[in-house]
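> This is the structure, below, for whatever I ask next.
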Amino acid sequence: MKGDAVDPKGLIADAYRIEGIRLEECRTIFLDWALSVPVDVDTGALIAVLMQRHGDAADHPMTEVLNDGLSKITAPKRRGGVKRRNAEN
């Protein structure tokens, strides 16, 4: 295994090593990372660990993606449900 429990495939670490990587590529890598993490694991906690590991690269696009992922996990939004369906009718 290339990575560890936080970055199972080493995808995030590799992204930080790629010179000139773009934001779109980092988003794709992040999605692949998220899909490789076990379902029962606290993804927010893993992202926080990744931020600690790579926090010195504040201007890297992967740092932006991790920050976005962390903020979206901590502030979930409703997607709908009975109240929304009733309001639309």
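Labels for the structure tokens follow display order: chains A, B, ..., residues from 1 in each chain, ligands from 1.
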From the DSSP assignment of the backbone, select every residue of segment 4-84 of chain A that is helix (DSSP H, G or I), and format the answer as a PyMOL selection string.

chain A and resi 11-17+23-36+43-54+61-74+82-84

> Might you pull out every residue within 10 Å of segment 58-69 of chain A, with only C-alpha atoms counted and same-chain residues fewer than 4 positions away left off, and present them as a list in words?

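With the cut-off at 10 Å, the set is Ile12, Ala13, Ala15, Tyr16, Glu19, Gly20, Ile21, Arg22, Leu23, Glu24, Glu25, Cys26, Arg27, Thr28, Ile29, Phe30, Leu31, Ala34, Thr43, Gly44, Ile47, Ala48, Leu50, Met51, His54, Ile73 and Thr74 of chain A.
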
> Just to be explicit: take each residue in the selection above, keep N, CA, C and O atoms, and write the result as an mmCIF file, in the first residue's frame.


data_model
loop_
_atom_site.group_PDB
_atom_site.id
_atom_site.type_symbol
_atom_site.label_atom_id
_atom_site.label_comp_id
_atom_site.auth_asym_id
_atom_site.auth_seq_id
_atom_site.Cartn_x
_atom_site.Cartn_y
_atom_site.Cartn_z
ATOM 1 N N ILE A 12 -3.311 12.557 -2.249
ATOM 2 C CA ILE A 12 -3.184 13.947 -1.821
ATOM 3 C C ILE A 12 -1.708 14.330 -1.756
ATOM 4 O O ILE A 12 -1.312 15.399 -2.248
ATOM 5 N N ALA A 13 -0.895 13.465 -1.193
ATOM 6 C CA ALA A 13 0.544 13.738 -1.115
ATOM 7 C C ALA A 13 1.135 13.900 -2.518
ATOM 8 O O ALA A 13 1.932 14.817 -2.762
ATOM 9 N N ALA A 15 -0.433 14.904 -5.191
ATOM 10 C CA ALA A 15 -0.926 16.151 -5.773
ATOM 11 C C ALA A 15 -0.055 17.322 -5.348
ATOM 12 O O ALA A 15 0.222 18.219 -6.153
ATOM 13 N N TYR A 16 0.391 17.321 -4.116
ATOM 14 C CA TYR A 16 1.245 18.407 -3.639
ATOM 15 C C TYR A 16 2.628 18.376 -4.290
ATOM 16 O O TYR A 16 3.318 19.395 -4.304
ATOM 17 N N GLU A 19 4.121 19.780 -9.885
ATOM 18 C CA GLU A 19 4.344 21.189 -10.173
ATOM 19 C C GLU A 19 3.372 21.667 -11.252
ATOM 20 O O GLU A 19 3.156 20.993 -12.255
ATOM 21 N N GLY A 20 2.754 22.797 -11.014
ATOM 22 C CA GLY A 20 1.841 23.375 -11.989
ATOM 23 C C GLY A 20 0.465 22.734 -12.030
ATOM 24 O O GLY A 20 -0.296 22.981 -12.964
ATOM 25 N N ILE A 21 0.121 21.950 -11.034
ATOM 26 C CA ILE A 21 -1.198 21.307 -11.010
ATOM 27 C C ILE A 21 -2.283 22.380 -10.884
ATOM 28 O O ILE A 21 -2.097 23.394 -10.228
ATOM 29 N N ARG A 22 -3.390 22.134 -11.557
ATOM 30 C CA ARG A 22 -4.493 23.111 -11.568
ATOM 31 C C ARG A 22 -5.589 22.708 -10.585
ATOM 32 O O ARG A 22 -5.680 21.554 -10.169
ATOM 33 N N LEU A 23 -6.426 23.673 -10.274
ATOM 34 C CA LEU A 23 -7.522 23.466 -9.327
ATOM 35 C C LEU A 23 -8.445 22.335 -9.782
ATOM 36 O O LEU A 23 -8.843 21.483 -8.973
ATOM 37 N N GLU A 24 -8.772 22.298 -11.054
ATOM 38 C CA GLU A 24 -9.663 21.252 -11.575
ATOM 39 C C GLU A 24 -9.061 19.870 -11.368
ATOM 40 O O GLU A 24 -9.774 18.913 -11.038
ATOM 41 N N GLU A 25 -7.779 19.749 -11.578
ATOM 42 C CA GLU A 25 -7.105 18.461 -11.380
ATOM 43 C C GLU A 25 -7.115 18.076 -9.900
ATOM 44 O O GLU A 25 -7.314 16.908 -9.565
ATOM 45 N N CYS A 26 -6.935 19.062 -9.036
ATOM 46 C CA CYS A 26 -6.976 18.789 -7.599
ATOM 47 C C CYS A 26 -8.360 18.325 -7.165
ATOM 48 O O CYS A 26 -8.478 17.439 -6.316
ATOM 49 N N ARG A 27 -9.389 18.898 -7.749
ATOM 50 C CA ARG A 27 -10.753 18.464 -7.414
ATOM 51 C C ARG A 27 -10.981 17.006 -7.814
ATOM 52 O O ARG A 27 -11.609 16.240 -7.088
ATOM 53 N N THR A 28 -10.470 16.637 -8.978
ATOM 54 C CA THR A 28 -10.604 15.252 -9.432
ATOM 55 C C THR A 28 -9.849 14.307 -8.509
ATOM 56 O O THR A 28 -10.353 13.241 -8.137
ATOM 57 N N ILE A 29 -8.652 14.698 -8.111
ATOM 58 C CA ILE A 29 -7.851 13.885 -7.198
ATOM 59 C C ILE A 29 -8.559 13.770 -5.850
ATOM 60 O O ILE A 29 -8.605 12.692 -5.248
ATOM 61 N N PHE A 30 -9.126 14.871 -5.378
ATOM 62 C CA PHE A 30 -9.844 14.852 -4.107
ATOM 63 C C PHE A 30 -11.038 13.893 -4.160
ATOM 64 O O PHE A 30 -11.279 13.138 -3.221
ATOM 65 N N LEU A 31 -11.760 13.915 -5.261
ATOM 66 C CA LEU A 31 -12.895 13.000 -5.415
ATOM 67 C C LEU A 31 -12.425 11.552 -5.371
ATOM 68 O O LEU A 31 -13.030 10.713 -4.692
ATOM 69 N N ALA A 34 -11.651 10.769 -1.809
ATOM 70 C CA ALA A 34 -12.861 10.606 -1.010
ATOM 71 C C ALA A 34 -13.508 9.241 -1.247
ATOM 72 O O ALA A 34 -14.040 8.623 -0.331
ATOM 73 N N THR A 43 -14.711 11.776 7.603
ATOM 74 C CA THR A 43 -13.968 12.406 6.514
ATOM 75 C C THR A 43 -13.450 13.781 6.928
ATOM 76 O O THR A 43 -12.333 14.160 6.549
ATOM 77 N N GLY A 44 -14.223 14.518 7.690
ATOM 78 C CA GLY A 44 -13.786 15.829 8.152
ATOM 79 C C GLY A 44 -12.514 15.748 8.972
ATOM 80 O O GLY A 44 -11.613 16.580 8.826
ATOM 81 N N ILE A 47 -9.616 15.129 6.601
ATOM 82 C CA ILE A 47 -9.240 16.349 5.889
ATOM 83 C C ILE A 47 -8.439 17.265 6.809
ATOM 84 O O ILE A 47 -7.451 17.881 6.392
ATOM 85 N N ALA A 48 -8.846 17.351 8.082
ATOM 86 C CA ALA A 48 -8.108 18.170 9.047
ATOM 87 C C ALA A 48 -6.672 17.679 9.200
ATOM 88 O O ALA A 48 -5.729 18.485 9.265
ATOM 89 N N LEU A 50 -4.974 16.040 6.888
ATOM 90 C CA LEU A 50 -4.294 16.399 5.639
ATOM 91 C C LEU A 50 -3.908 17.871 5.623
ATOM 92 O O LEU A 50 -2.830 18.235 5.140
ATOM 93 N N MET A 51 -4.762 18.723 6.163
ATOM 94 C CA MET A 51 -4.449 20.149 6.247
ATOM 95 C C MET A 51 -3.242 20.387 7.150
ATOM 96 O O MET A 51 -2.396 21.232 6.855
ATOM 97 N N HIS A 54 -0.073 19.274 5.182
ATOM 98 C CA HIS A 54 0.299 20.053 4.003
ATOM 99 C C HIS A 54 -0.012 21.539 4.165
ATOM 100 O O HIS A 54 -0.006 22.283 3.189
ATOM 101 N N ILE A 73 -18.291 19.957 4.607
ATOM 102 C CA ILE A 73 -18.626 18.855 5.513
ATOM 103 C C ILE A 73 -19.165 19.404 6.827
ATOM 104 O O ILE A 73 -20.114 18.879 7.383
ATOM 105 N N THR A 74 -18.593 20.504 7.312
ATOM 106 C CA THR A 74 -19.015 21.035 8.603
ATOM 107 C C THR A 74 -20.303 21.838 8.511
ATOM 108 O O THR A 74 -20.932 22.104 9.514
#

> Just give me the gap between atom CA of Gly55 of chain A and atom CA of Gly10 of chain A in Å, one decimal is fine.

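Separation of atom CA of Gly55 of chain A and atom CA of Gly10 of chain A: 16.4 Å.
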
> Pick from A:Pro8, A:Asp40, A:Asp56, A:Leu46: nearest to Leu70 of chain A, with only C-alpha atoms counted?

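Of the candidates, the smallest distance to Leu70 of chain A is held by A:Leu46.
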